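coords_23.cif (mmCIF, C-alpha atoms and all ligand atoms) appears below.
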```cif
data_query
loop_
_atom_site.group_PDB
_atom_site.id
_atom_site.type_symbol
_atom_site.label_atom_id
_atom_site.label_comp_id
_atom_site.auth_asym_id
_atom_site.auth_seq_id
_atom_site.Cartn_x
_atom_site.Cartn_y
_atom_site.Cartn_z
ATOM 1 C CA MET A 67 46.812 -55.862 26.105
ATOM 2 C CA LYS A 68 46.236 -58.898 23.880
ATOM 3 C CA LEU A 69 48.673 -58.806 20.962
ATOM 4 C CA VAL A 70 47.565 -59.998 17.536
ATOM 5 C CA GLY A 71 49.079 -60.396 14.063
ATOM 6 C CA ILE A 72 52.514 -58.956 13.497
ATOM 7 C CA ALA A 73 52.690 -57.615 17.080
ATOM 8 C CA LYS A 74 52.127 -61.133 18.441
ATOM 9 C CA MET A 75 54.750 -62.558 16.084
ATOM 10 C CA ALA A 76 57.244 -59.881 17.162
ATOM 11 C CA ALA A 77 56.605 -60.541 20.851
ATOM 12 C CA GLU A 78 57.155 -64.271 20.313
ATOM 13 C CA SER A 79 60.270 -63.889 18.121
ATOM 14 C CA PRO A 80 63.296 -65.538 19.743
ATOM 15 C CA SER A 81 66.448 -63.466 20.185
ATOM 16 C CA LEU A 82 69.278 -64.616 17.900
ATOM 17 C CA GLN A 83 72.176 -62.448 18.939
ATOM 18 C CA ALA A 84 72.840 -59.243 20.833
ATOM 19 C CA LYS A 85 75.582 -56.729 20.100
ATOM 20 C CA ASN A 86 76.329 -53.679 22.240
ATOM 21 C CA ARG A 87 73.340 -51.705 21.118
ATOM 22 C CA VAL A 88 71.436 -54.031 18.802
ATOM 23 C CA GLU A 89 69.501 -57.231 19.310
ATOM 24 C CA TYR A 90 68.468 -59.534 16.460
ATOM 25 C CA PHE A 91 65.270 -61.571 16.466
ATOM 26 C CA ASP A 92 64.117 -64.425 14.319
ATOM 27 C CA MET A 93 60.759 -63.717 12.665
ATOM 28 C CA PRO A 94 58.519 -65.889 10.498
ATOM 29 C CA ALA A 95 57.279 -64.176 7.331
ATOM 30 C CA ARG A 96 53.943 -65.138 5.805
ATOM 31 C CA THR A 97 54.721 -63.260 2.589
ATOM 32 C CA PHE A 98 57.656 -61.290 1.241
ATOM 33 C CA LEU A 99 55.971 -59.120 -1.366
ATOM 34 C CA ALA A 100 53.873 -56.299 0.045
ATOM 35 C CA ARG A 101 51.540 -54.166 -2.043
ATOM 36 C CA CYS A 102 52.230 -50.417 -2.024
ATOM 37 C CA TYR A 103 49.226 -48.116 -2.401
ATOM 38 C CA SER A 104 51.037 -44.759 -2.216
ATOM 39 C CA GLU A 105 50.613 -42.406 -5.163
ATOM 40 C CA ARG A 106 53.915 -40.720 -4.290
ATOM 41 C CA VAL A 107 56.159 -43.576 -5.419
ATOM 42 C CA PRO A 108 56.633 -45.267 -8.815
ATOM 43 C CA PHE A 109 56.496 -48.909 -7.606
ATOM 44 C CA ARG A 110 53.580 -51.152 -6.729
ATOM 45 C CA TRP A 111 55.379 -53.832 -4.722
ATOM 46 C CA MET A 112 57.859 -53.719 -1.868
ATOM 47 C CA ILE A 113 60.239 -56.192 -0.301
ATOM 48 C CA ASN A 114 61.796 -55.493 3.081
ATOM 49 C CA PRO A 115 64.156 -58.309 4.077
ATOM 50 C CA TYR A 116 64.425 -57.042 7.670
ATOM 51 C CA ARG A 117 62.242 -55.140 10.092
ATOM 52 C CA GLY A 118 64.122 -52.251 11.668
ATOM 53 C CA CYS A 119 67.402 -50.719 10.580
ATOM 54 C CA GLU A 120 70.588 -50.401 12.511
ATOM 55 C CA PHE A 121 71.802 -47.317 10.632
ATOM 56 C CA GLY A 122 69.641 -45.113 12.825
ATOM 57 C CA CYS A 123 69.300 -42.081 10.556
ATOM 58 C CA LYS A 124 67.862 -39.183 12.519
ATOM 59 C CA TYR A 125 65.266 -38.414 9.849
ATOM 60 C CA CYS A 126 64.194 -42.016 9.220
ATOM 61 C CA TYR A 127 60.524 -42.168 8.279
ATOM 62 C CA ALA A 128 60.408 -45.957 8.498
ATOM 63 C CA ARG A 129 60.331 -46.017 12.308
ATOM 64 C CA TYR A 130 56.559 -46.304 12.052
ATOM 65 C CA ALA A 131 57.060 -49.928 10.956
ATOM 66 C CA HIS A 132 57.907 -50.960 14.522
ATOM 67 C CA GLU A 133 54.738 -49.319 15.829
ATOM 68 C CA PHE A 134 52.749 -52.064 14.053
ATOM 69 C CA MET A 135 54.516 -54.473 16.381
ATOM 70 C CA GLU A 136 53.528 -52.426 19.442
ATOM 71 C CA LEU A 137 57.151 -51.293 19.839
ATOM 72 C CA ARG A 138 56.440 -47.655 20.562
ATOM 73 C CA ASP A 139 59.885 -46.321 21.466
ATOM 74 C CA PRO A 140 61.186 -44.902 18.134
ATOM 75 C CA LEU A 141 64.691 -46.065 19.044
ATOM 76 C CA ASP A 142 63.508 -49.700 19.072
ATOM 77 C CA PHE A 143 63.569 -49.454 15.278
ATOM 78 C CA GLU A 144 67.365 -49.257 15.282
ATOM 79 C CA ARG A 145 67.963 -51.530 18.301
ATOM 80 C CA ARG A 146 65.612 -54.448 17.715
ATOM 81 C CA ILE A 147 66.138 -55.883 14.259
ATOM 82 C CA PHE A 148 63.868 -58.676 13.045
ATOM 83 C CA ILE A 149 65.288 -61.163 10.567
ATOM 84 C CA LYS A 150 62.554 -62.515 8.313
ATOM 85 C CA HIS A 151 62.638 -66.193 7.378
ATOM 86 C CA PHE A 152 63.149 -66.548 3.660
ATOM 87 C CA ASP A 153 61.900 -69.573 1.758
ATOM 88 C CA THR A 154 62.960 -69.493 -1.893
ATOM 89 C CA ASP A 155 60.225 -71.814 -3.182
ATOM 90 C CA ALA A 156 57.466 -69.967 -1.344
ATOM 91 C CA PHE A 157 58.841 -66.658 -2.631
ATOM 92 C CA LEU A 158 58.981 -67.848 -6.234
ATOM 93 C CA LYS A 159 55.342 -68.974 -5.969
ATOM 94 C CA GLU A 160 54.399 -65.547 -4.617
ATOM 95 C CA LEU A 161 56.327 -63.824 -7.388
ATOM 96 C CA ALA A 162 54.722 -65.959 -10.077
ATOM 97 C CA LYS A 163 51.358 -64.386 -9.202
ATOM 98 C CA LEU A 164 52.633 -60.905 -10.166
ATOM 99 C CA PRO A 165 52.197 -59.809 -13.763
ATOM 100 C CA LEU A 166 55.501 -59.505 -15.592
ATOM 101 C CA GLY A 167 56.842 -55.976 -15.840
ATOM 102 C CA GLU A 168 55.774 -54.957 -12.315
ATOM 103 C CA ARG A 169 57.984 -52.541 -10.405
ATOM 104 C CA ILE A 170 59.340 -53.952 -7.156
ATOM 105 C CA ALA A 171 61.296 -51.865 -4.652
ATOM 106 C CA ILE A 172 63.651 -53.631 -2.268
ATOM 107 C CA GLY A 173 64.377 -51.663 0.900
ATOM 108 C CA THR A 174 61.554 -49.201 1.435
ATOM 109 C CA ALA A 175 61.370 -49.461 5.235
ATOM 110 C CA THR A 176 64.765 -50.928 6.055
ATOM 111 C CA ASP A 177 68.233 -50.950 4.537
ATOM 112 C CA PRO A 178 68.627 -54.321 2.788
ATOM 113 C CA TYR A 179 72.416 -54.092 3.224
ATOM 114 C CA GLN A 180 72.560 -53.097 6.877
ATOM 115 C CA PRO A 181 75.023 -55.049 9.094
ATOM 116 C CA ALA A 182 72.542 -57.918 9.654
ATOM 117 C CA GLU A 183 72.877 -58.788 5.970
ATOM 118 C CA ARG A 184 76.519 -59.832 6.448
ATOM 119 C CA ARG A 185 75.395 -62.506 8.852
ATOM 120 C CA TYR A 186 71.941 -63.524 7.645
ATOM 121 C CA GLY A 187 72.132 -62.883 3.884
ATOM 122 C CA ILE A 188 68.377 -62.505 3.353
ATOM 123 C CA THR A 189 68.821 -59.883 0.617
ATOM 124 C CA ARG A 190 71.287 -62.093 -1.193
ATOM 125 C CA SER A 191 68.841 -65.019 -1.030
ATOM 126 C CA ILE A 192 66.145 -62.817 -2.549
ATOM 127 C CA LEU A 193 68.461 -61.818 -5.392
ATOM 128 C CA GLU A 194 69.375 -65.455 -5.980
ATOM 129 C CA ALA A 195 65.663 -66.151 -6.383
ATOM 130 C CA PHE A 196 65.338 -63.286 -8.872
ATOM 131 C CA ALA A 197 68.267 -64.769 -10.798
ATOM 132 C CA ARG A 198 65.992 -67.774 -11.445
ATOM 133 C CA THR A 199 63.243 -65.648 -12.987
ATOM 134 C CA ALA A 200 62.954 -62.794 -15.492
ATOM 135 C CA GLY A 201 60.731 -59.876 -16.362
ATOM 136 C CA TYR A 202 60.470 -57.463 -13.424
ATOM 137 C CA ARG A 203 61.689 -53.943 -12.733
ATOM 138 C CA LEU A 204 63.739 -53.964 -9.550
ATOM 139 C CA GLY A 205 64.981 -51.014 -7.546
ATOM 140 C CA ILE A 206 67.239 -51.475 -4.527
ATOM 141 C CA THR A 207 67.867 -48.591 -2.151
ATOM 142 C CA THR A 208 70.764 -48.667 0.276
ATOM 143 C CA LYS A 209 73.412 -46.655 2.080
ATOM 144 C CA SER A 210 75.845 -49.507 2.392
ATOM 145 C CA GLN A 211 78.938 -50.503 0.480
ATOM 146 C CA LEU A 212 77.994 -54.109 1.264
ATOM 147 C CA VAL A 213 75.884 -54.060 -1.917
ATOM 148 C CA ALA A 214 79.174 -54.344 -3.846
ATOM 149 C CA ARG A 215 79.557 -57.863 -2.392
ATOM 150 C CA ASP A 216 76.679 -58.875 -4.688
ATOM 151 C CA ALA A 217 77.996 -57.141 -7.820
ATOM 152 C CA GLU A 218 78.396 -60.414 -9.765
ATOM 153 C CA LEU A 219 74.966 -61.636 -8.720
ATOM 154 C CA LEU A 220 73.401 -58.274 -9.570
ATOM 155 C CA LYS A 221 75.031 -58.454 -12.973
ATOM 156 C CA GLU A 222 73.297 -61.794 -13.541
ATOM 157 C CA VAL A 223 69.969 -60.461 -12.222
ATOM 158 C CA SER A 224 70.372 -57.474 -14.594
ATOM 159 C CA ARG A 225 70.416 -59.863 -17.564
ATOM 160 C CA ARG A 226 66.864 -60.887 -16.634
ATOM 161 C CA HIS A 227 65.260 -57.846 -15.043
ATOM 162 C CA PHE A 228 65.579 -54.080 -15.222
ATOM 163 C CA VAL A 229 67.730 -53.343 -12.167
ATOM 164 C CA THR A 230 68.677 -50.031 -10.601
ATOM 165 C CA ILE A 231 70.690 -49.660 -7.416
ATOM 166 C CA SER A 232 69.932 -46.374 -5.766
ATOM 167 C CA MET A 233 72.715 -45.368 -3.397
ATOM 168 C CA THR A 234 71.629 -42.761 -0.910
ATOM 169 C CA VAL A 235 74.200 -40.038 -0.320
ATOM 170 C CA THR A 236 72.815 -37.044 1.544
ATOM 171 C CA THR A 237 76.120 -35.179 1.836
ATOM 172 C CA ILE A 238 79.768 -35.842 1.173
ATOM 173 C CA ASP A 239 80.662 -34.053 4.402
ATOM 174 C CA ARG A 240 81.754 -36.974 6.582
ATOM 175 C CA GLU A 241 81.176 -35.180 9.878
ATOM 176 C CA LEU A 242 77.675 -34.113 8.976
ATOM 177 C CA ALA A 243 76.883 -37.594 7.627
ATOM 178 C CA ARG A 244 78.057 -39.137 10.904
ATOM 179 C CA GLU A 245 75.748 -36.816 12.827
ATOM 180 C CA ILE A 246 72.614 -37.415 10.801
ATOM 181 C CA GLU A 247 73.240 -41.073 9.832
ATOM 182 C CA PRO A 248 75.318 -42.192 12.800
ATOM 183 C CA MET A 249 75.715 -45.901 12.035
ATOM 184 C CA ALA A 250 75.631 -45.801 8.236
ATOM 185 C CA PRO A 251 78.808 -46.206 6.162
ATOM 186 C CA ARG A 252 80.782 -43.092 5.252
ATOM 187 C CA PRO A 253 79.728 -41.324 2.029
ATOM 188 C CA ASP A 254 83.021 -42.170 0.309
ATOM 189 C CA LEU A 255 82.467 -45.883 1.024
ATOM 190 C CA ARG A 256 78.978 -45.698 -0.457
ATOM 191 C CA LEU A 257 80.434 -44.051 -3.558
ATOM 192 C CA SER A 258 83.111 -46.723 -3.819
ATOM 193 C CA ALA A 259 80.277 -49.277 -4.056
ATOM 194 C CA VAL A 260 78.706 -47.246 -6.880
ATOM 195 C CA ARG A 261 82.065 -47.427 -8.643
ATOM 196 C CA ALA A 262 82.289 -51.202 -8.166
ATOM 197 C CA LEU A 263 78.739 -51.771 -9.420
ATOM 198 C CA SER A 264 79.306 -49.541 -12.435
ATOM 199 C CA ARG A 265 82.443 -51.501 -13.300
ATOM 200 C CA HIS A 266 80.295 -54.637 -13.325
ATOM 201 C CA GLY A 267 77.799 -53.016 -15.667
ATOM 202 C CA VAL A 268 75.127 -52.794 -12.956
ATOM 203 C CA ARG A 269 73.061 -49.629 -13.259
ATOM 204 C CA ALA A 270 73.694 -47.493 -10.157
ATOM 205 C CA THR A 271 72.325 -44.069 -9.369
ATOM 206 C CA VAL A 272 72.870 -41.698 -6.474
ATOM 207 C CA PHE A 273 69.932 -40.328 -4.614
ATOM 208 C CA CYS A 274 70.441 -37.342 -2.375
ATOM 209 C CA ALA A 275 67.515 -37.906 -0.064
ATOM 210 C CA PRO A 276 66.323 -36.591 2.121
ATOM 211 C CA ILE A 277 67.506 -33.068 1.423
ATOM 212 C CA LEU A 278 67.527 -31.254 4.768
ATOM 213 C CA PRO A 279 66.656 -27.538 4.770
ATOM 214 C CA LEU A 280 69.519 -25.355 5.996
ATOM 215 C CA LEU A 281 71.790 -28.389 6.355
ATOM 216 C CA THR A 282 72.247 -30.044 2.957
ATOM 217 C CA ASP A 283 70.104 -28.010 0.569
ATOM 218 C CA THR A 284 72.582 -25.519 -0.919
ATOM 219 C CA ASP A 285 73.671 -25.702 -4.530
ATOM 220 C CA ALA A 286 77.232 -26.298 -3.309
ATOM 221 C CA SER A 287 76.243 -29.247 -1.119
ATOM 222 C CA LEU A 288 74.081 -30.933 -3.765
ATOM 223 C CA ASP A 289 76.614 -30.194 -6.482
ATOM 224 C CA ALA A 290 79.371 -31.864 -4.467
ATOM 225 C CA VAL A 291 77.290 -35.051 -4.152
ATOM 226 C CA ALA A 292 76.488 -35.001 -7.871
ATOM 227 C CA LYS A 293 80.108 -34.427 -8.832
ATOM 228 C CA ALA A 294 81.281 -37.339 -6.674
ATOM 229 C CA ALA A 295 78.456 -39.508 -8.041
ATOM 230 C CA ARG A 296 79.505 -38.725 -11.603
ATOM 231 C CA ALA A 297 83.127 -39.545 -10.832
ATOM 232 C CA ALA A 298 81.990 -42.899 -9.395
ATOM 233 C CA GLY A 299 80.124 -43.775 -12.596
ATOM 234 C CA ALA A 300 76.555 -43.215 -11.375
ATOM 235 C CA ARG A 301 74.080 -43.066 -14.239
ATOM 236 C CA GLY A 302 71.415 -41.004 -12.523
ATOM 237 C CA PHE A 303 71.080 -38.418 -9.787
ATOM 238 C CA GLY A 304 68.054 -37.241 -7.855
ATOM 239 C CA GLY A 305 66.900 -35.880 -4.554
ATOM 240 C CA ASN A 306 63.813 -35.146 -2.485
ATOM 241 C CA VAL A 307 63.107 -32.763 0.345
ATOM 242 C CA VAL A 308 62.717 -34.348 3.776
ATOM 243 C CA PHE A 309 59.353 -35.129 5.302
ATOM 244 C CA LEU A 310 59.088 -35.678 9.023
ATOM 245 C CA LYS A 311 56.158 -37.767 10.212
ATOM 246 C CA PRO A 312 55.654 -37.989 13.985
ATOM 247 C CA CYS A 313 57.854 -41.104 14.372
ATOM 248 C CA ALA A 314 60.755 -39.275 12.671
ATOM 249 C CA TRP A 315 60.066 -35.883 14.232
ATOM 250 C CA GLN A 316 60.353 -37.427 17.721
ATOM 251 C CA VAL A 317 63.962 -38.326 16.929
ATOM 252 C CA PHE A 318 64.918 -35.472 14.618
ATOM 253 C CA LEU A 319 63.801 -32.636 16.900
ATOM 254 C CA PRO A 320 65.957 -33.696 19.901
ATOM 255 C CA PHE A 321 68.841 -34.171 17.464
ATOM 256 C CA LEU A 322 68.421 -30.584 16.240
ATOM 257 C CA GLU A 323 68.052 -29.233 19.772
ATOM 258 C CA GLN A 324 71.313 -30.853 20.746
ATOM 259 C CA ASN A 325 73.370 -30.215 17.613
ATOM 260 C CA TYR A 326 71.789 -27.307 15.758
ATOM 261 C CA PRO A 327 69.792 -25.276 18.314
ATOM 262 C CA LEU A 328 69.736 -22.245 16.026
ATOM 263 C CA LEU A 329 67.714 -24.212 13.469
ATOM 264 C CA VAL A 330 65.054 -25.434 15.891
ATOM 265 C CA ARG A 331 62.716 -22.477 15.524
ATOM 266 C CA ARG A 332 62.773 -22.591 11.706
ATOM 267 C CA TYR A 333 62.104 -26.331 11.645
ATOM 268 C CA ARG A 334 59.350 -26.085 14.254
ATOM 269 C CA GLU A 335 57.586 -23.401 12.237
ATOM 270 C CA ARG A 336 57.476 -25.748 9.299
ATOM 271 C CA PHE A 337 57.124 -29.237 10.752
ATOM 272 C CA ASP A 338 55.108 -28.801 13.938
ATOM 273 C CA ARG A 339 51.881 -28.734 11.930
ATOM 274 C CA SER A 340 52.680 -30.859 8.903
ATOM 275 C CA ALA A 341 55.104 -33.628 7.983
ATOM 276 C CA TYR A 342 55.467 -32.220 4.465
ATOM 277 C CA LEU A 343 56.910 -28.888 3.377
ATOM 278 C CA ARG A 344 54.615 -26.789 1.249
ATOM 279 C CA GLY A 345 54.988 -23.570 -0.716
ATOM 280 C CA ASP A 346 57.680 -22.818 -3.233
ATOM 281 C CA TYR A 347 60.598 -24.342 -1.296
ATOM 282 C CA PRO A 348 60.121 -27.962 -2.513
ATOM 283 C CA GLN A 349 59.667 -26.641 -6.040
ATOM 284 C CA ARG A 350 62.861 -24.572 -5.866
ATOM 285 C CA ILE A 351 64.802 -27.581 -4.602
ATOM 286 C CA ALA A 352 63.377 -29.823 -7.335
ATOM 287 C CA GLU A 353 64.533 -27.259 -9.907
ATOM 288 C CA ARG A 354 67.955 -27.082 -8.279
ATOM 289 C CA VAL A 355 68.306 -30.881 -8.440
ATOM 290 C CA ALA A 356 67.193 -30.894 -12.096
ATOM 291 C CA ARG A 357 69.757 -28.170 -12.943
ATOM 292 C CA ILE A 358 72.529 -30.122 -11.277
ATOM 293 C CA ARG A 359 71.437 -33.317 -13.052
ATOM 294 C CA ARG A 360 71.813 -31.521 -16.376
ATOM 295 C CA ARG A 361 75.088 -29.888 -15.293
ATOM 296 C CA TYR A 362 76.734 -33.305 -14.982
ATOM 297 C CA GLY A 363 74.955 -34.962 -17.897
ATOM 298 C CA PHE A 364 73.070 -37.573 -15.844
ATOM 299 C CA GLU A 365 70.291 -39.543 -17.475
ATOM 300 C CA GLU A 366 66.898 -37.891 -17.441
ATOM 301 C CA ARG A 367 64.618 -38.871 -14.615
ATOM 302 C CA PHE A 368 62.414 -41.217 -16.638
ATOM 303 C CA TYR A 369 65.165 -42.556 -18.836
ATOM 304 C CA GLU A 370 64.115 -45.762 -20.601
ATOM 305 C CA GLN A 371 66.744 -48.426 -20.034
ATOM 306 C CA GLN A 372 67.866 -50.880 -22.633
ATOM 307 C CA GLU A 373 65.912 -54.140 -22.451
ATOM 308 C CA PRO A 374 67.716 -56.872 -20.490
ATOM 309 C CA GLU A 375 69.219 -59.687 -22.537
ATOM 310 C CA LEU A 376 66.872 -62.379 -21.126
ATOM 311 C CA TRP A 377 63.748 -60.216 -20.832
ATOM 312 C CA PRO A 378 60.795 -62.520 -21.563
ATOM 313 C CA ARG A 379 59.284 -62.270 -25.005
ATOM 314 C CA ASP A 380 55.712 -61.889 -23.848
ATOM 315 C CA PRO A 381 53.393 -59.762 -25.990
ATOM 316 C CA GLN A 382 51.570 -58.703 -22.793
ATOM 317 C CA LEU A 383 54.697 -56.781 -21.810
ATOM 318 C CA THR A 384 54.149 -54.248 -24.535
ATOM 319 C CA LEU A 385 51.398 -52.960 -22.297
ATOM 320 C CA PHE A 386 53.989 -51.619 -19.819
HETATM 321 S S1 LIG A 401 69.155 -46.437 6.174
HETATM 322 FE FE1 LIG A 401 67.035 -45.981 5.590
HETATM 323 S S2 LIG A 401 65.796 -47.436 6.773
HETATM 324 FE FE2 LIG A 401 67.831 -47.370 7.698
HETATM 325 S S3 LIG A 401 67.664 -45.886 9.361
HETATM 326 FE FE3 LIG A 401 68.453 -44.820 7.540
HETATM 327 S S4 LIG A 401 66.637 -44.002 6.514
HETATM 328 FE FE4 LIG A 401 65.927 -45.567 7.971
#
```
Can you present the structure in this file as structure tokens?
Ligand code: SF4
Amino acid sequence: MKLVGIAKMAAESPSLQAKNRVEYFDMPARTFLARCYSERVPFRWMINPYRGCEFGCKYCYARYAHEFMELRDPLDFERRIFIKHFDTDAFLKELAKLPLGERIAIGTATDPYQPAERRYGITRSILEAFARTAGYRLGITTKSQLVARDAELLKEVSRRHFVTISMTVTTIDRELAREIEPMAPRPDLRLSAVRALSRHGVRATVFCAPILPLLTDTDASLDAVAKAARAAGARGFGGNVVFLKPCAWQVFLPFLEQNYPLLVRRYRERFDRSAYLRGDYPQRIAERVARIRRRYGFEERFYEQQEPELWPRDPQLTLF
């Protein structure tokens, strides 16, 4: 088969380093900002500093991203990590074309603070570029305490842009977390990063997502995450029910069969035909999350943050 586009680039990417289970590849990047057309999310632009993610969460929906590169084994996503070249000047030119006030999500199909970041620092370079501009709404999603390394830099970026760090904590049960997110940092380490960011005045929230039916969806389980998030200084709390597209289902189902065989039938009834749960279950969970949010006095979901100190004085921005 003749490979084209991103698949050709992936096939030609030289290997940089191999660890026991992970290999890193060098990959040119034509652009860093990607347009998001989904109606389900609040942002219009995405930045993914890496392709693939070593954390290997069993429910990860982002495995599809490797299929574009003709890497069809869903486990390639966690074993073949592509490091995108970052060019600050080219990125700033790209960014300058975006209207001020746009929402940009960093880490929608990869974790921007996965282990590769320690070595390659692409996420940090992106933040350094943002520290030279002002006027965007940035959201960073991660499961890693490594984000605390950039607390000072994030504080500076927060003077210029609206910034929210969304730490994903699906459960505070360490054993369960190790099963479903085998290579991701422990929940208590993630929460320690929330504490460090909060101390620096960086807005951090905790997102309990995905919520897994019959595994992490009880009031007690969600409440425990919220309570720990509050103690760590998180400003917001939220959560969404899992969806399992084919790339995730191929990994999640064998995981259930091996670890939770009694749940297989219930999951198959719901996810064999559709990636999304329907009926009143998602609604009940959304209400449960909202109740817990109120219980601990977290900010409301669409809380309007205080304007950053160096937010540009552009009359156009009143439109947002
Ligand atoms: S941290 Fe996010 S991107 Fe990485 S494997 Fe887990 S769900 Fe996927």
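With the cut-off set to 6 Å and all atoms listed in the file counted, the residues surrounding ligand LIG 401 (chain A) are Cys119, Phe121, Gly122, Cys123, Cys126, Ala128, Ala175, Thr176, Asp177 and Lys209 of chain A.
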Next item on the list: May I have the residues within 9 Å of A:Leu310 as an MDAnalysis selection string, using only C-alpha atoms and disregarding those fewer than 6 positions away in the same chain?
Entry: chainID A and resid 125:127 316 318 337 340:342
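Atom pair atom CA of A:Thr236 / atom CA of A:Cys274: separated by 4.6 Å.
Restricting the calculation to only C-alpha atoms, the smallest distance between A:Tyr202 and any of A:Arg110, A:Val272, A:Gln180, A:Asp92 is found for A:Arg110.
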Next item on the list: Name the residues in contact with A:Leu278 at a cut-off of 8 Å, using only C-alpha atoms, excluding same-chain residues fewer than 4 positions from it; report them as a ChimeraX atom specification.
Entry: /A:282-283,307-308
How about saving the chosen residues, C-alpha atoms kept, as a PDB file, in the frame of the given file?
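Generated file (out18.pdb):
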```
ATOM      1  CA  THR A 282      72.247 -30.044   2.957  1.00  0.00           C
ATOM      2  CA  ASP A 283      70.104 -28.010   0.569  1.00  0.00           C
ATOM      3  CA  VAL A 307      63.107 -32.763   0.345  1.00  0.00           C
ATOM      4  CA  VAL A 308      62.717 -34.348   3.776  1.00  0.00           C
TER       5      VAL A 308
END
```
Check: Hey, what comes out of the PyMOL selection byres (((chain A and resi 294) around 10) and not hetatm) on this file? Could you write it as a ChimeraX atom specification?
Finding: /A:235,238,253-254,257-258,272,289-293,295-300
Checklist line | Expected answer as a PyMOL selection string: all residues with atoms within 7 Å of (63.5, -50.4, -3.8), all atoms listed in the file | finding: chain A and resi 112+170-174+204-207
Next item on the list: Would you write out, as a VMD selection string, every residue that the PyMOL selection byres (((chain A and resi 141-146) around 12) and not hetatm) captures in this file?
Entry: chain A and resid 76 to 77 79 to 93 116 to 140 147 to 149 175 to 177 180 to 182 247 to 250 313 to 314 316 to 318
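Interatomic distance, atom CA of A:Gly363 against atom CA of A:Met233: 18.0 Å.
Counting all atoms listed in the file, the residue from A:Ala200, A:Ala352, A:Leu328, A:Ala275 that sits nearest to A:Leu166 is A:Ala200.
Counting from atom CA of A:Ile351, the distance to atom CA of A:Val260 is 24.2 Å.
Each of A:Val229, A:Ser104, A:Ala95, A:Glu222 was checked against A:Ile188 using only C-alpha atoms; the smallest atom-to-atom distance is that of A:Ala95.
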Margin query: Give me, as a ChimeraX atom specification, all polymer residues having an atom no more than 9 Å from A:Glu365, counting all atoms listed in the file and skipping those fewer than 6 positions away in the same chain.
Written below: /A:301-303,359
Residues of the last selection are to be written out with C-alpha atoms, as a compact mmCIF listing (two decimals), in the frame of the given file.
```txt
# COMPACT_ATOMS: atom_id res chain seq x y z
CA ARG A 301 74.08 -43.07 -14.24
CA GLY A 302 71.42 -41.00 -12.52
CA PHE A 303 71.08 -38.42 -9.79
CA ARG A 359 71.44 -33.32 -13.05
```
Note to self: Counting all atoms listed in the file, which residues have an atom no more than 9 Å from (78.2, -50.1, -13.1) in the file's coordinates? Please list them as a ChimeraX atom specification.
What the structure shows: /A:217,221,260-270,298-301
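On the file presented, the PyMOL selection byres (((chain A and resi 195) around 10) and not hetatm) picks out Asp153, Thr154, Asp155, Phe157, Leu158, Leu161, Thr189, Arg190, Ser191, Ile192, Leu193, Glu194, Phe196, Ala197, Arg198, Thr199 and Val223 of chain A.
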Atoms kept (C-alpha atoms) for selection, written as a compact mmCIF listing (two decimals), in the frame of the given file:
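Ended up saving to again_23.txt:
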```txt
# COMPACT_ATOMS: atom_id res chain seq x y z
CA ASP A 153 61.90 -69.57 1.76
CA THR A 154 62.96 -69.49 -1.89
CA ASP A 155 60.22 -71.81 -3.18
CA PHE A 157 58.84 -66.66 -2.63
CA LEU A 158 58.98 -67.85 -6.23
CA LEU A 161 56.33 -63.82 -7.39
CA THR A 189 68.82 -59.88 0.62
CA ARG A 190 71.29 -62.09 -1.19
CA SER A 191 68.84 -65.02 -1.03
CA ILE A 192 66.14 -62.82 -2.55
CA LEU A 193 68.46 -61.82 -5.39
CA GLU A 194 69.38 -65.46 -5.98
CA PHE A 196 65.34 -63.29 -8.87
CA ALA A 197 68.27 -64.77 -10.80
CA ARG A 198 65.99 -67.77 -11.44
CA THR A 199 63.24 -65.65 -12.99
CA VAL A 223 69.97 -60.46 -12.22
```
Notebook entry, point to check: Which residue, A:Arg96, A:Arg215, A:Ser224, A:Asn114, has the smallest gap to A:Gln371 when you use only C-alpha atoms?
Noted result: A:Ser224
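Remark: for A:Arg350, the closest of the candidate residues A:Pro115, A:Gly167, A:Pro279, A:Gly187 is A:Pro279 (distances computed over only C-alpha atoms).
The nearest approach to A:Arg344 among the residues A:Phe273, A:Phe309, A:Phe228, A:Tyr103, with all atoms listed in the file taken into account, belongs to A:Phe309.
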Next item on the list: Please identify all polymer residues within 8 Å of A:Ala259, counting only C-alpha atoms, omitting same-chain residues fewer than 3 positions from it, and present them as a PyMOL selection string.
Entry: chain A and resi 210-214+255-256+262-263
